[in-house]
$ cat work.csv   # CSV, N, CA and C atoms
chain,number,residue,atom,x,y,z
A,1,GLN,N,-98.3,157.0,-17.1
A,1,GLN,CA,-98.5,158.4,-16.6
A,1,GLN,C,-99.8,158.9,-17.1
A,2,VAL,N,-100.4,159.8,-16.3
A,2,VAL,CA,-101.7,160.5,-16.6
A,2,VAL,C,-101.4,162.0,-16.5
A,3,GLN,N,-101.8,162.7,-17.4
A,3,GLN,CA,-101.7,164.2,-17.4
A,3,GLN,C,-103.1,164.8,-17.2
A,4,LEU,N,-103.2,165.7,-16.3
A,4,LEU,CA,-104.5,166.4,-16.0
A,4,LEU,C,-104.4,167.9,-16.1
A,5,VAL,N,-105.3,168.4,-16.9
A,5,VAL,CA,-105.3,169.9,-17.1
A,5,VAL,C,-106.6,170.5,-16.7
A,6,GLN,N,-106.6,171.3,-15.8
A,6,GLN,CA,-107.8,171.9,-15.2
A,6,GLN,C,-108.2,173.2,-15.9
A,7,SER,N,-109.5,173.5,-15.9
A,7,SER,CA,-109.9,174.8,-16.4
A,7,SER,C,-111.2,175.1,-15.6
A,8,GLY,N,-111.6,176.4,-15.7
A,8,GLY,CA,-112.7,176.9,-14.9
A,8,GLY,C,-112.3,177.5,-13.7
A,9,GLY,N,-113.2,177.7,-12.7
A,9,GLY,CA,-112.9,178.4,-11.5
A,9,GLY,C,-113.0,179.9,-11.7
A,10,GLY,N,-112.6,180.7,-10.7
A,10,GLY,CA,-112.6,182.1,-10.7
A,10,GLY,C,-113.3,182.6,-9.5
A,11,SER,N,-113.9,183.8,-9.6
A,11,SER,CA,-114.6,184.5,-8.5
A,11,SER,C,-116.1,184.6,-8.8
A,12,VAL,N,-116.8,184.4,-7.7
A,12,VAL,CA,-118.3,184.4,-7.8
A,12,VAL,C,-118.8,184.9,-6.4
A,13,GLN,N,-120.0,185.4,-6.5
A,13,GLN,CA,-120.7,185.8,-5.2
A,13,GLN,C,-121.4,184.6,-4.6
A,14,ALA,N,-121.6,184.7,-3.3
A,14,ALA,CA,-122.2,183.7,-2.5
A,14,ALA,C,-123.6,183.4,-3.2
A,15,GLY,N,-123.9,182.1,-3.3
A,15,GLY,CA,-125.1,181.7,-3.9
A,15,GLY,C,-125.0,181.4,-5.4
A,16,GLY,N,-123.9,181.7,-5.9
A,16,GLY,CA,-123.6,181.5,-7.4
A,16,GLY,C,-123.2,180.1,-7.7
A,17,SER,N,-122.8,179.9,-8.9
A,17,SER,CA,-122.4,178.6,-9.4
A,17,SER,C,-121.2,178.7,-10.3
A,18,LEU,N,-120.4,177.6,-10.2
A,18,LEU,CA,-119.2,177.5,-11.1
A,18,LEU,C,-119.0,176.0,-11.5
A,19,THR,N,-118.4,175.8,-12.6
A,19,THR,CA,-118.1,174.5,-13.0
A,19,THR,C,-116.6,174.4,-13.3
A,20,LEU,N,-116.0,173.4,-12.7
A,20,LEU,CA,-114.6,173.1,-13.0
A,20,LEU,C,-114.5,171.9,-13.9
A,21,SER,N,-113.5,171.9,-14.8
A,21,SER,CA,-113.2,170.8,-15.7
A,21,SER,C,-111.8,170.3,-15.5
A,22,CYS,N,-111.6,169.1,-15.9
A,22,CYS,CA,-110.3,168.4,-15.7
A,22,CYS,C,-110.1,167.5,-16.9
A,23,ALA,N,-109.3,167.8,-17.9
A,23,ALA,CA,-109.1,167.0,-19.1
A,23,ALA,C,-107.9,166.1,-18.8
A,24,ALA,N,-108.2,164.8,-19.0
A,24,ALA,CA,-107.1,163.8,-18.8
A,24,ALA,C,-106.6,163.2,-20.1
A,25,SER,N,-105.3,162.9,-20.1
A,25,SER,CA,-104.7,162.3,-21.2
A,25,SER,C,-103.6,161.4,-20.7
A,26,GLY,N,-103.1,160.5,-21.6
A,26,GLY,CA,-102.1,159.6,-21.2
A,26,GLY,C,-102.7,158.2,-21.0
A,27,MET,N,-102.2,157.6,-19.9
A,27,MET,CA,-102.6,156.2,-19.6
A,27,MET,C,-103.9,156.1,-18.9
A,28,ILE,N,-105.0,156.6,-19.5
A,28,ILE,CA,-106.3,156.7,-18.8
A,28,ILE,C,-106.7,155.3,-18.3
A,29,PHE,N,-106.3,154.2,-18.9
A,29,PHE,CA,-106.8,152.9,-18.6
A,29,PHE,C,-106.4,152.5,-17.2
A,30,ILE,N,-105.4,153.2,-16.6
A,30,ILE,CA,-105.0,152.8,-15.3
A,30,ILE,C,-105.8,153.4,-14.2
A,31,THR,N,-106.8,154.2,-14.6
A,31,THR,CA,-107.6,155.0,-13.6
A,31,THR,C,-108.6,154.1,-12.9
A,32,ASN,N,-108.5,154.1,-11.5
A,32,ASN,CA,-109.4,153.4,-10.7
A,32,ASN,C,-110.4,154.3,-10.0
A,33,LYS,N,-110.0,155.5,-9.7
A,33,LYS,CA,-110.9,156.5,-9.0
A,33,LYS,C,-110.6,157.9,-9.4
A,34,LEU,N,-111.6,158.7,-9.6
A,34,LEU,CA,-111.4,160.1,-10.0
A,34,LEU,C,-111.9,160.9,-8.8
A,35,GLY,N,-111.4,162.2,-8.7
A,35,GLY,CA,-111.9,163.0,-7.6
A,35,GLY,C,-111.5,164.4,-7.7
A,36,TRP,N,-112.1,165.2,-6.8
A,36,TRP,CA,-111.8,166.6,-6.6
A,36,TRP,C,-111.5,166.8,-5.2
A,37,TYR,N,-110.4,167.6,-4.9
A,37,TYR,CA,-110.0,168.0,-3.6
A,37,TYR,C,-109.8,169.5,-3.6
A,38,ARG,N,-109.7,170.0,-2.4
A,38,ARG,CA,-109.5,171.5,-2.2
A,38,ARG,C,-108.6,171.7,-1.1
A,39,GLN,N,-107.9,172.9,-1.1
A,39,GLN,CA,-107.0,173.2,-0.1
A,39,GLN,C,-107.0,174.7,0.1
A,40,VAL,N,-107.0,175.1,1.4
A,40,VAL,CA,-106.8,176.5,1.8
A,40,VAL,C,-105.5,176.7,2.5
A,41,PRO,N,-104.9,177.9,2.4
A,41,PRO,CA,-103.5,178.0,3.0
A,41,PRO,C,-103.5,177.6,4.5
A,42,GLY,N,-102.5,176.9,4.8
A,42,GLY,CA,-102.4,176.4,6.2
A,42,GLY,C,-103.1,175.2,6.6
A,43,LYS,N,-103.9,174.7,5.7
A,43,LYS,CA,-104.7,173.5,6.0
A,43,LYS,C,-104.4,172.4,5.0
A,44,GLN,N,-104.7,171.1,5.4
A,44,GLN,CA,-104.5,170.0,4.6
A,44,GLN,C,-105.5,170.0,3.4
A,45,ARG,N,-105.0,169.4,2.4
A,45,ARG,CA,-105.9,169.2,1.2
A,45,ARG,C,-107.1,168.2,1.7
A,46,GLU,N,-108.3,168.6,1.3
A,46,GLU,CA,-109.4,167.8,1.8
A,46,GLU,C,-110.2,167.3,0.6
A,47,LEU,N,-110.9,166.2,0.8
A,47,LEU,CA,-111.7,165.5,-0.2
A,47,LEU,C,-113.0,166.4,-0.4
A,48,VAL,N,-113.3,166.6,-1.7
A,48,VAL,CA,-114.6,167.2,-2.0
A,48,VAL,C,-115.6,166.2,-2.6
A,49,ALA,N,-115.1,165.4,-3.6
A,49,ALA,CA,-116.0,164.4,-4.2
A,49,ALA,C,-115.2,163.4,-4.9
A,50,THR,N,-115.6,162.2,-5.0
A,50,THR,CA,-114.9,161.2,-5.7
A,50,THR,C,-115.9,160.4,-6.6
A,51,MET,N,-115.4,159.7,-7.6
A,51,MET,CA,-116.2,158.8,-8.4
A,51,MET,C,-115.4,157.6,-8.8
A,52,THR,N,-115.9,156.4,-8.5
A,52,THR,CA,-115.2,155.2,-8.9
A,52,THR,C,-115.3,155.0,-10.4
A,53,ARG,N,-114.5,154.0,-10.8
A,53,ARG,CA,-114.5,153.6,-12.2
A,53,ARG,C,-115.9,153.2,-12.6
A,54,GLY,N,-116.6,152.6,-11.7
A,54,GLY,CA,-118.0,152.2,-12.0
A,54,GLY,C,-119.0,153.2,-11.9
A,55,GLY,N,-118.6,154.4,-11.5
A,55,GLY,CA,-119.6,155.5,-11.4
A,55,GLY,C,-120.2,155.8,-10.0
A,56,ASP,N,-119.8,155.1,-9.0
A,56,ASP,CA,-120.3,155.4,-7.7
A,56,ASP,C,-119.6,156.7,-7.2
A,57,THR,N,-120.4,157.6,-6.5
A,57,THR,CA,-119.9,158.8,-6.1
A,57,THR,C,-119.9,159.0,-4.6
A,58,ASN,N,-119.1,159.9,-4.1
A,58,ASN,CA,-119.0,160.1,-2.7
A,58,ASN,C,-118.7,161.6,-2.5
A,59,TYR,N,-119.4,162.2,-1.5
A,59,TYR,CA,-119.2,163.7,-1.3
A,59,TYR,C,-118.9,164.0,0.1
A,60,ALA,N,-118.1,165.0,0.3
A,60,ALA,CA,-117.9,165.6,1.7
A,60,ALA,C,-119.2,166.1,2.2
A,61,ASP,N,-119.5,166.0,3.4
A,61,ASP,CA,-120.7,166.4,4.0
A,61,ASP,C,-121.0,167.9,3.7
A,62,SER,N,-119.9,168.7,3.7
A,62,SER,CA,-120.0,170.1,3.5
A,62,SER,C,-120.5,170.5,2.1
A,63,VAL,N,-120.4,169.6,1.2
A,63,VAL,CA,-120.8,170.0,-0.2
A,63,VAL,C,-122.0,169.1,-0.7
A,64,LYS,N,-122.4,168.2,0.1
A,64,LYS,CA,-123.5,167.3,-0.4
A,64,LYS,C,-124.7,168.2,-0.8
A,65,ASP,N,-125.4,167.8,-1.8
A,65,ASP,CA,-126.6,168.5,-2.3
A,65,ASP,C,-126.3,169.8,-2.9
A,66,ARG,N,-125.0,170.2,-3.0
A,66,ARG,CA,-124.7,171.5,-3.6
A,66,ARG,C,-123.7,171.3,-4.8
A,67,PHE,N,-122.8,170.3,-4.7
A,67,PHE,CA,-121.8,170.0,-5.7
A,67,PHE,C,-122.2,168.6,-6.4
A,68,THR,N,-121.8,168.5,-7.7
A,68,THR,CA,-122.0,167.3,-8.4
A,68,THR,C,-120.8,167.0,-9.2
A,69,ILE,N,-120.2,165.8,-9.0
A,69,ILE,CA,-119.1,165.3,-9.8
A,69,ILE,C,-119.7,164.5,-11.0
A,70,SER,N,-119.1,164.7,-12.1
A,70,SER,CA,-119.5,164.0,-13.3
A,70,SER,C,-118.4,163.8,-14.3
A,71,ARG,N,-118.6,163.0,-15.3
A,71,ARG,CA,-117.5,162.7,-16.2
A,71,ARG,C,-118.1,162.5,-17.6
A,72,ASP,N,-117.3,162.9,-18.6
A,72,ASP,CA,-117.6,162.6,-20.0
A,72,ASP,C,-116.6,161.7,-20.5
A,73,ASN,N,-116.9,160.4,-20.7
A,73,ASN,CA,-115.9,159.5,-21.1
A,73,ASN,C,-115.4,159.7,-22.5
A,74,ALA,N,-116.2,160.2,-23.4
A,74,ALA,CA,-115.8,160.5,-24.7
A,74,ALA,C,-114.8,161.6,-24.8
A,75,LYS,N,-114.8,162.5,-23.9
A,75,LYS,CA,-113.9,163.6,-23.8
A,75,LYS,C,-112.8,163.4,-22.8
A,76,ASN,N,-112.8,162.3,-22.1
A,76,ASN,CA,-111.9,162.1,-21.0
A,76,ASN,C,-111.8,163.3,-20.1
A,77,THR,N,-112.9,163.8,-19.7
A,77,THR,CA,-113.0,165.0,-18.9
A,77,THR,C,-113.9,164.7,-17.7
A,78,LEU,N,-113.3,165.2,-16.5
A,78,LEU,CA,-114.0,165.2,-15.3
A,78,LEU,C,-114.5,166.6,-14.9
A,79,TYR,N,-115.7,166.6,-14.3
A,79,TYR,CA,-116.3,167.9,-14.0
A,79,TYR,C,-116.7,168.0,-12.5
A,80,LEU,N,-116.7,169.2,-12.0
A,80,LEU,CA,-117.3,169.5,-10.7
A,80,LEU,C,-118.2,170.7,-10.9
A,81,HIS,N,-119.5,170.4,-10.8
A,81,HIS,CA,-120.5,171.4,-10.8
A,81,HIS,C,-120.8,171.9,-9.4
A,82,MET,N,-120.5,173.2,-9.2
A,82,MET,CA,-120.7,173.7,-7.8
A,82,MET,C,-121.8,174.7,-7.8
A,83,GLY,N,-122.8,174.5,-6.9
A,83,GLY,CA,-123.9,175.4,-6.8
A,83,GLY,C,-124.1,175.9,-5.4
A,84,SER,N,-124.9,176.9,-5.2
A,84,SER,CA,-125.1,177.5,-3.9
A,84,SER,C,-123.8,177.7,-3.1
A,85,LEU,N,-122.9,178.3,-3.8
A,85,LEU,CA,-121.5,178.5,-3.3
A,85,LEU,C,-121.5,179.4,-2.0
A,86,LYS,N,-120.7,179.0,-1.1
A,86,LYS,CA,-120.5,179.8,0.1
A,86,LYS,C,-119.1,180.3,0.3
A,87,PRO,N,-118.9,181.4,1.0
A,87,PRO,CA,-117.5,181.9,1.2
A,87,PRO,C,-116.5,180.8,1.7
A,88,GLU,N,-117.0,179.9,2.5
A,88,GLU,CA,-116.2,178.8,3.0
A,88,GLU,C,-115.8,177.8,1.9
A,89,ASP,N,-116.3,177.9,0.7
A,89,ASP,CA,-115.9,177.0,-0.4
A,89,ASP,C,-114.7,177.6,-1.1
A,90,THR,N,-114.2,178.8,-0.7
A,90,THR,CA,-113.1,179.4,-1.2
A,90,THR,C,-111.8,178.6,-1.0
A,91,ALA,N,-111.1,178.2,-2.0
A,91,ALA,CA,-110.0,177.3,-1.9
A,91,ALA,C,-109.4,177.1,-3.3
A,92,VAL,N,-108.2,176.5,-3.3
A,92,VAL,CA,-107.7,176.0,-4.6
A,92,VAL,C,-108.2,174.6,-4.8
A,93,TYR,N,-108.8,174.3,-5.9
A,93,TYR,CA,-109.4,173.0,-6.2
A,93,TYR,C,-108.5,172.2,-7.1
A,94,TYR,N,-108.3,170.9,-6.8
A,94,TYR,CA,-107.4,170.0,-7.6
A,94,TYR,C,-108.2,168.8,-8.0
A,95,CYS,N,-108.1,168.4,-9.3
A,95,CYS,CA,-108.6,167.2,-9.7
A,95,CYS,C,-107.6,166.1,-9.5
A,96,ASN,N,-108.1,164.9,-9.3
A,96,ASN,CA,-107.2,163.8,-8.9
A,96,ASN,C,-107.6,162.5,-9.7
A,97,VAL,N,-106.6,161.7,-10.1
A,97,VAL,CA,-106.8,160.4,-10.6
A,97,VAL,C,-106.0,159.5,-9.8
A,98,ARG,N,-106.6,158.4,-9.3
A,98,ARG,CA,-105.8,157.4,-8.5
A,98,ARG,C,-105.8,156.1,-9.4
A,99,SER,N,-104.6,155.6,-9.5
A,99,SER,CA,-104.5,154.4,-10.4
A,99,SER,C,-104.8,153.1,-9.5
A,100,PHE,N,-104.9,152.0,-10.2
A,100,PHE,CA,-105.1,150.7,-9.5
A,100,PHE,C,-104.0,150.4,-8.6
A,101,SER,N,-102.8,150.9,-8.8
A,101,SER,CA,-101.7,150.7,-7.8
A,101,SER,C,-101.6,151.8,-6.8
A,102,ASP,N,-102.7,152.6,-6.6
A,102,ASP,CA,-102.8,153.7,-5.6
A,102,ASP,C,-101.8,154.8,-5.8
A,103,LYS,N,-101.4,155.0,-7.1
A,103,LYS,CA,-100.6,156.2,-7.4
A,103,LYS,C,-101.5,157.3,-7.7
A,104,ASP,N,-101.2,158.5,-7.1
A,104,ASP,CA,-102.1,159.7,-7.4
A,104,ASP,C,-101.5,160.6,-8.4
A,105,TYR,N,-102.3,161.1,-9.3
A,105,TYR,CA,-102.0,162.1,-10.2
A,105,TYR,C,-102.9,163.3,-10.0
A,106,TRP,N,-102.3,164.5,-10.1
A,106,TRP,CA,-103.0,165.8,-9.7
A,106,TRP,C,-103.0,166.8,-10.9
A,107,GLY,N,-104.1,167.5,-11.0
A,107,GLY,CA,-104.1,168.7,-11.8
A,107,GLY,C,-103.3,169.8,-11.2
A,108,GLN,N,-103.2,170.9,-12.0
A,108,GLN,CA,-102.4,172.0,-11.6
A,108,GLN,C,-103.0,172.9,-10.5
A,109,GLY,N,-104.3,172.7,-10.3
A,109,GLY,CA,-105.0,173.5,-9.3
A,109,GLY,C,-105.7,174.7,-9.9
A,110,THR,N,-106.8,175.1,-9.4
A,110,THR,CA,-107.5,176.3,-9.9
A,110,THR,C,-108.2,177.0,-8.7
A,111,GLN,N,-108.0,178.3,-8.6
A,111,GLN,CA,-108.6,179.1,-7.5
A,111,GLN,C,-110.1,179.3,-7.7
A,112,VAL,N,-110.8,179.1,-6.6
A,112,VAL,CA,-112.2,179.4,-6.5
A,112,VAL,C,-112.4,180.4,-5.4
A,113,THR,N,-112.9,181.5,-5.6
A,113,THR,CA,-113.1,182.5,-4.6
A,113,THR,C,-114.6,182.9,-4.5
A,114,VAL,N,-115.2,182.8,-3.4
A,114,VAL,CA,-116.6,183.1,-3.2
A,114,VAL,C,-116.7,184.3,-2.2
A,115,SER,N,-117.3,185.3,-2.7
A,115,SER,CA,-117.4,186.5,-1.8
A,115,SER,C,-118.8,186.6,-1.2
A,116,SER,N,-118.9,187.2,0.0
A,116,SER,CA,-120.2,187.3,0.6
A,116,SER,C,-120.9,188.6,0.2
$ encode --input "work.csv" --output "structure tokens"
Amino acid sequence: QVQLVQSGGGSVQAGGSLTLSCAASGMIFITNKLGWYRQVPGKQRELVATMTRGGDTNYADSVKDRFTISRDNAKNTLYLHMGSLKPEDTAVYYCNVRSFSDKDYWGQGTQVTVSS
């Protein structure tokens, strides 16, 4: 089992920045891929950014060049640095760990609200 605890988020004006954190504990060694997803009411959860165990990253087109996924292995913490935020970035953001057996673990979610 992997436990994920998120922090950060909140409200910001368009053009501003926020950083989300996701602290992992438990069976970290089963982690194959890390990621951030987001969801707005009435829509499916969508991928924001992912990072493989080897450090390769992938971003949704809508956030490329504005968001950066990173990790601190010593702290077992995943980050999402969000810059040049837009109102359409408003959503609940979830961190994710996918194991080698393709089992997903999710953080509790954190609200990000961007006002125009």
$ residues_around --input "work.csv" --residues "Tyr37 (chain A)" --least-positions-apart "4" --cutoff "6 Å" --atoms "all atoms listed in the file" --output "JSON, numbers by chain"
{"A": [46, 47, 48, 49, 92, 93, 94, 95, 96]}
$ select_by_dssp --input "work.csv" --residues "region 3-94 of chain A" --states "helix (DSSP H, G or I)" --output "number ranges by chain"
A: 28-30, 73-75, 87-89
$ closest_residue --input "work.csv" --among "A:Ser11, A:Arg45, A:Gly35, A:Lys75" --to "Tyr59 (chain A)" --atoms "only C-alpha atoms"
A:Gly35
$ residues_around --input "work.csv" --residues "Met51 (chain A)" --least-positions-apart "4" --cutoff "6 Å" --atoms "only C-alpha atoms" --output "list in words"
Lys33, Leu34, Gly55, Asp56 and Thr57 of chain A
$ residues_around --input "work.csv" --residues "Asp72 (chain A)" --least-positions-apart "2" --cutoff "12 Å" --atoms "only C-alpha atoms" --output "list in words"
Ser21, Cys22, Ala23, Ala24, Gly55, Ile69, Ser70, Ala74, Lys75, Asn76, Thr77, Leu78, Tyr79 and Leu80 of chain A
$ select_by_dssp --input "work.csv" --residues "chain A" --states "strand (DSSP E or B)" --output "short mmCIF file (atom, residue, chain, number, x, y, z; two decimals) with N, CA and C atoms, in the frame of the given file"
data_model
loop_
_atom_site.label_atom_id
_atom_site.label_comp_id
_atom_site.auth_asym_id
_atom_site.auth_seq_id
_atom_site.Cartn_x
_atom_site.Cartn_y
_atom_site.Cartn_z
N VAL A 2 -100.40 159.80 -16.30
CA VAL A 2 -101.70 160.50 -16.60
C VAL A 2 -101.40 162.00 -16.50
N GLN A 3 -101.80 162.70 -17.40
CA GLN A 3 -101.70 164.20 -17.40
C GLN A 3 -103.10 164.80 -17.20
N LEU A 4 -103.20 165.70 -16.30
CA LEU A 4 -104.50 166.40 -16.00
C LEU A 4 -104.40 167.90 -16.10
N VAL A 5 -105.30 168.40 -16.90
CA VAL A 5 -105.30 169.90 -17.10
C VAL A 5 -106.60 170.50 -16.70
N GLN A 6 -106.60 171.30 -15.80
CA GLN A 6 -107.80 171.90 -15.20
C GLN A 6 -108.20 173.20 -15.90
N SER A 7 -109.50 173.50 -15.90
CA SER A 7 -109.90 174.80 -16.40
C SER A 7 -111.20 175.10 -15.60
N GLY A 8 -111.60 176.40 -15.70
CA GLY A 8 -112.70 176.90 -14.90
C GLY A 8 -112.30 177.50 -13.70
N GLY A 10 -112.60 180.70 -10.70
CA GLY A 10 -112.60 182.10 -10.70
C GLY A 10 -113.30 182.60 -9.50
N SER A 11 -113.90 183.80 -9.60
CA SER A 11 -114.60 184.50 -8.50
C SER A 11 -116.10 184.60 -8.80
N VAL A 12 -116.80 184.40 -7.70
CA VAL A 12 -118.30 184.40 -7.80
C VAL A 12 -118.80 184.90 -6.40
N GLN A 13 -120.00 185.40 -6.50
CA GLN A 13 -120.70 185.80 -5.20
C GLN A 13 -121.40 184.60 -4.60
N LEU A 18 -120.40 177.60 -10.20
CA LEU A 18 -119.20 177.50 -11.10
C LEU A 18 -119.00 176.00 -11.50
N THR A 19 -118.40 175.80 -12.60
CA THR A 19 -118.10 174.50 -13.00
C THR A 19 -116.60 174.40 -13.30
N LEU A 20 -116.00 173.40 -12.70
CA LEU A 20 -114.60 173.10 -13.00
C LEU A 20 -114.50 171.90 -13.90
N SER A 21 -113.50 171.90 -14.80
CA SER A 21 -113.20 170.80 -15.70
C SER A 21 -111.80 170.30 -15.50
N CYS A 22 -111.60 169.10 -15.90
CA CYS A 22 -110.30 168.40 -15.70
C CYS A 22 -110.10 167.50 -16.90
N ALA A 23 -109.30 167.80 -17.90
CA ALA A 23 -109.10 167.00 -19.10
C ALA A 23 -107.90 166.10 -18.80
N ALA A 24 -108.20 164.80 -19.00
CA ALA A 24 -107.10 163.80 -18.80
C ALA A 24 -106.60 163.20 -20.10
N SER A 25 -105.30 162.90 -20.10
CA SER A 25 -104.70 162.30 -21.20
C SER A 25 -103.60 161.40 -20.70
N GLY A 26 -103.10 160.50 -21.60
CA GLY A 26 -102.10 159.60 -21.20
C GLY A 26 -102.70 158.20 -21.00
N THR A 31 -106.80 154.20 -14.60
CA THR A 31 -107.60 155.00 -13.60
C THR A 31 -108.60 154.10 -12.90
N ASN A 32 -108.50 154.10 -11.50
CA ASN A 32 -109.40 153.40 -10.70
C ASN A 32 -110.40 154.30 -10.00
N LYS A 33 -110.00 155.50 -9.70
CA LYS A 33 -110.90 156.50 -9.00
C LYS A 33 -110.60 157.90 -9.40
N LEU A 34 -111.60 158.70 -9.60
CA LEU A 34 -111.40 160.10 -10.00
C LEU A 34 -111.90 160.90 -8.80
N GLY A 35 -111.40 162.20 -8.70
CA GLY A 35 -111.90 163.00 -7.60
C GLY A 35 -111.50 164.40 -7.70
N TRP A 36 -112.10 165.20 -6.80
CA TRP A 36 -111.80 166.60 -6.60
C TRP A 36 -111.50 166.80 -5.20
N TYR A 37 -110.40 167.60 -4.90
CA TYR A 37 -110.00 168.00 -3.60
C TYR A 37 -109.80 169.50 -3.60
N ARG A 38 -109.70 170.00 -2.40
CA ARG A 38 -109.50 171.50 -2.20
C ARG A 38 -108.60 171.70 -1.10
N GLN A 39 -107.90 172.90 -1.10
CA GLN A 39 -107.00 173.20 -0.10
C GLN A 39 -107.00 174.70 0.10
N GLU A 46 -108.30 168.60 1.30
CA GLU A 46 -109.40 167.80 1.80
C GLU A 46 -110.20 167.30 0.60
N LEU A 47 -110.90 166.20 0.80
CA LEU A 47 -111.70 165.50 -0.20
C LEU A 47 -113.00 166.40 -0.40
N VAL A 48 -113.30 166.60 -1.70
CA VAL A 48 -114.60 167.20 -2.00
C VAL A 48 -115.60 166.20 -2.60
N ALA A 49 -115.10 165.40 -3.60
CA ALA A 49 -116.00 164.40 -4.20
C ALA A 49 -115.20 163.40 -4.90
N THR A 50 -115.60 162.20 -5.00
CA THR A 50 -114.90 161.20 -5.70
C THR A 50 -115.90 160.40 -6.60
N MET A 51 -115.40 159.70 -7.60
CA MET A 51 -116.20 158.80 -8.40
C MET A 51 -115.40 157.60 -8.80
N THR A 52 -115.90 156.40 -8.50
CA THR A 52 -115.20 155.20 -8.90
C THR A 52 -115.30 155.00 -10.40
N THR A 57 -120.40 157.60 -6.50
CA THR A 57 -119.90 158.80 -6.10
C THR A 57 -119.90 159.00 -4.60
N ASN A 58 -119.10 159.90 -4.10
CA ASN A 58 -119.00 160.10 -2.70
C ASN A 58 -118.70 161.60 -2.50
N TYR A 59 -119.40 162.20 -1.50
CA TYR A 59 -119.20 163.70 -1.30
C TYR A 59 -118.90 164.00 0.10
N PHE A 67 -122.80 170.30 -4.70
CA PHE A 67 -121.80 170.00 -5.70
C PHE A 67 -122.20 168.60 -6.40
N THR A 68 -121.80 168.50 -7.70
CA THR A 68 -122.00 167.30 -8.40
C THR A 68 -120.80 167.00 -9.20
N ILE A 69 -120.20 165.80 -9.00
CA ILE A 69 -119.10 165.30 -9.80
C ILE A 69 -119.70 164.50 -11.00
N SER A 70 -119.10 164.70 -12.10
CA SER A 70 -119.50 164.00 -13.30
C SER A 70 -118.40 163.80 -14.30
N ARG A 71 -118.60 163.00 -15.30
CA ARG A 71 -117.50 162.70 -16.20
C ARG A 71 -118.10 162.50 -17.60
N ASP A 72 -117.30 162.90 -18.60
CA ASP A 72 -117.60 162.60 -20.00
C ASP A 72 -116.60 161.70 -20.50
N THR A 77 -112.90 163.80 -19.70
CA THR A 77 -113.00 165.00 -18.90
C THR A 77 -113.90 164.70 -17.70
N LEU A 78 -113.30 165.20 -16.50
CA LEU A 78 -114.00 165.20 -15.30
C LEU A 78 -114.50 166.60 -14.90
N TYR A 79 -115.70 166.60 -14.30
CA TYR A 79 -116.30 167.90 -14.00
C TYR A 79 -116.70 168.00 -12.50
N LEU A 80 -116.70 169.20 -12.00
CA LEU A 80 -117.30 169.50 -10.70
C LEU A 80 -118.20 170.70 -10.90
N HIS A 81 -119.50 170.40 -10.80
CA HIS A 81 -120.50 171.40 -10.80
C HIS A 81 -120.80 171.90 -9.40
N MET A 82 -120.50 173.20 -9.20
CA MET A 82 -120.70 173.70 -7.80
C MET A 82 -121.80 174.70 -7.80
N ALA A 91 -111.10 178.20 -2.00
CA ALA A 91 -110.00 177.30 -1.90
C ALA A 91 -109.40 177.10 -3.30
N VAL A 92 -108.20 176.50 -3.30
CA VAL A 92 -107.70 176.00 -4.60
C VAL A 92 -108.20 174.60 -4.80
N TYR A 93 -108.80 174.30 -5.90
CA TYR A 93 -109.40 173.00 -6.20
C TYR A 93 -108.50 172.20 -7.10
N TYR A 94 -108.30 170.90 -6.80
CA TYR A 94 -107.40 170.00 -7.60
C TYR A 94 -108.20 168.80 -8.00
N CYS A 95 -108.10 168.40 -9.30
CA CYS A 95 -108.60 167.20 -9.70
C CYS A 95 -107.60 166.10 -9.50
N ASN A 96 -108.10 164.90 -9.30
CA ASN A 96 -107.20 163.80 -8.90
C ASN A 96 -107.60 162.50 -9.70
N VAL A 97 -106.60 161.70 -10.10
CA VAL A 97 -106.80 160.40 -10.60
C VAL A 97 -106.00 159.50 -9.80
N ARG A 98 -106.60 158.40 -9.30
CA ARG A 98 -105.80 157.40 -8.50
C ARG A 98 -105.80 156.10 -9.40
N SER A 99 -104.60 155.60 -9.50
CA SER A 99 -104.50 154.40 -10.40
C SER A 99 -104.80 153.10 -9.50
N ASP A 104 -101.20 158.50 -7.10
CA ASP A 104 -102.10 159.70 -7.40
C ASP A 104 -101.50 160.60 -8.40
N TYR A 105 -102.30 161.10 -9.30
CA TYR A 105 -102.00 162.10 -10.20
C TYR A 105 -102.90 163.30 -10.00
N TRP A 106 -102.30 164.50 -10.10
CA TRP A 106 -103.00 165.80 -9.70
C TRP A 106 -103.00 166.80 -10.90
N THR A 110 -106.80 175.10 -9.40
CA THR A 110 -107.50 176.30 -9.90
C THR A 110 -108.20 177.00 -8.70
N GLN A 111 -108.00 178.30 -8.60
CA GLN A 111 -108.60 179.10 -7.50
C GLN A 111 -110.10 179.30 -7.70
N VAL A 112 -110.80 179.10 -6.60
CA VAL A 112 -112.20 179.40 -6.50
C VAL A 112 -112.40 180.40 -5.40
N THR A 113 -112.90 181.50 -5.60
CA THR A 113 -113.10 182.50 -4.60
C THR A 113 -114.60 182.90 -4.50
N VAL A 114 -115.20 182.80 -3.40
CA VAL A 114 -116.60 183.10 -3.20
C VAL A 114 -116.70 184.30 -2.20
N SER A 115 -117.30 185.30 -2.70
CA SER A 115 -117.40 186.50 -1.80
C SER A 115 -118.80 186.60 -1.20
#
$ closest_residue --input "work.csv" --among "A:Leu85, A:Val12, A:Val40, A:Leu4" --to "Ser25 (chain A)" --atoms "only C-alpha atoms"
A:Leu4
$ closest_residue --input "work.csv" --among "A:Ile30, A:Ala14, A:Leu20, A:Ala60" --to "Lys86 (chain A)" --atoms "only N, CA and C atoms"
A:Ala14
$ closest_residue --input "work.csv" --among "A:Asn58, A:Thr19, A:Ser7, A:Asn73" --to "Gln108 (chain A)" --atoms "all atoms listed in the file"
A:Ser7
$ atom_distance --input "work.csv" --atom1 "atom N of Gln3 (chain A)" --atom2 "CA of Val114 (chain A)"
28.9 Å
$ atom_distance --input "work.csv" --atom1 "atom C of Ser99 (chain A)" --atom2 "atom C of Arg38 (chain A)"
20.8 Å
$ atom_distance --input "work.csv" --atom1 "CA of Gly10 (chain A)" --atom2 "atom C of Ser84 (chain A)"
14.2 Å
$ residues_around --input "work.csv" --residues "Thr90 (chain A)" --least-positions-apart "2" --cutoff "7 Å" --atoms "only C-alpha atoms" --output "VMD selection string"
chain A and resid 87 to 88 112 to 114
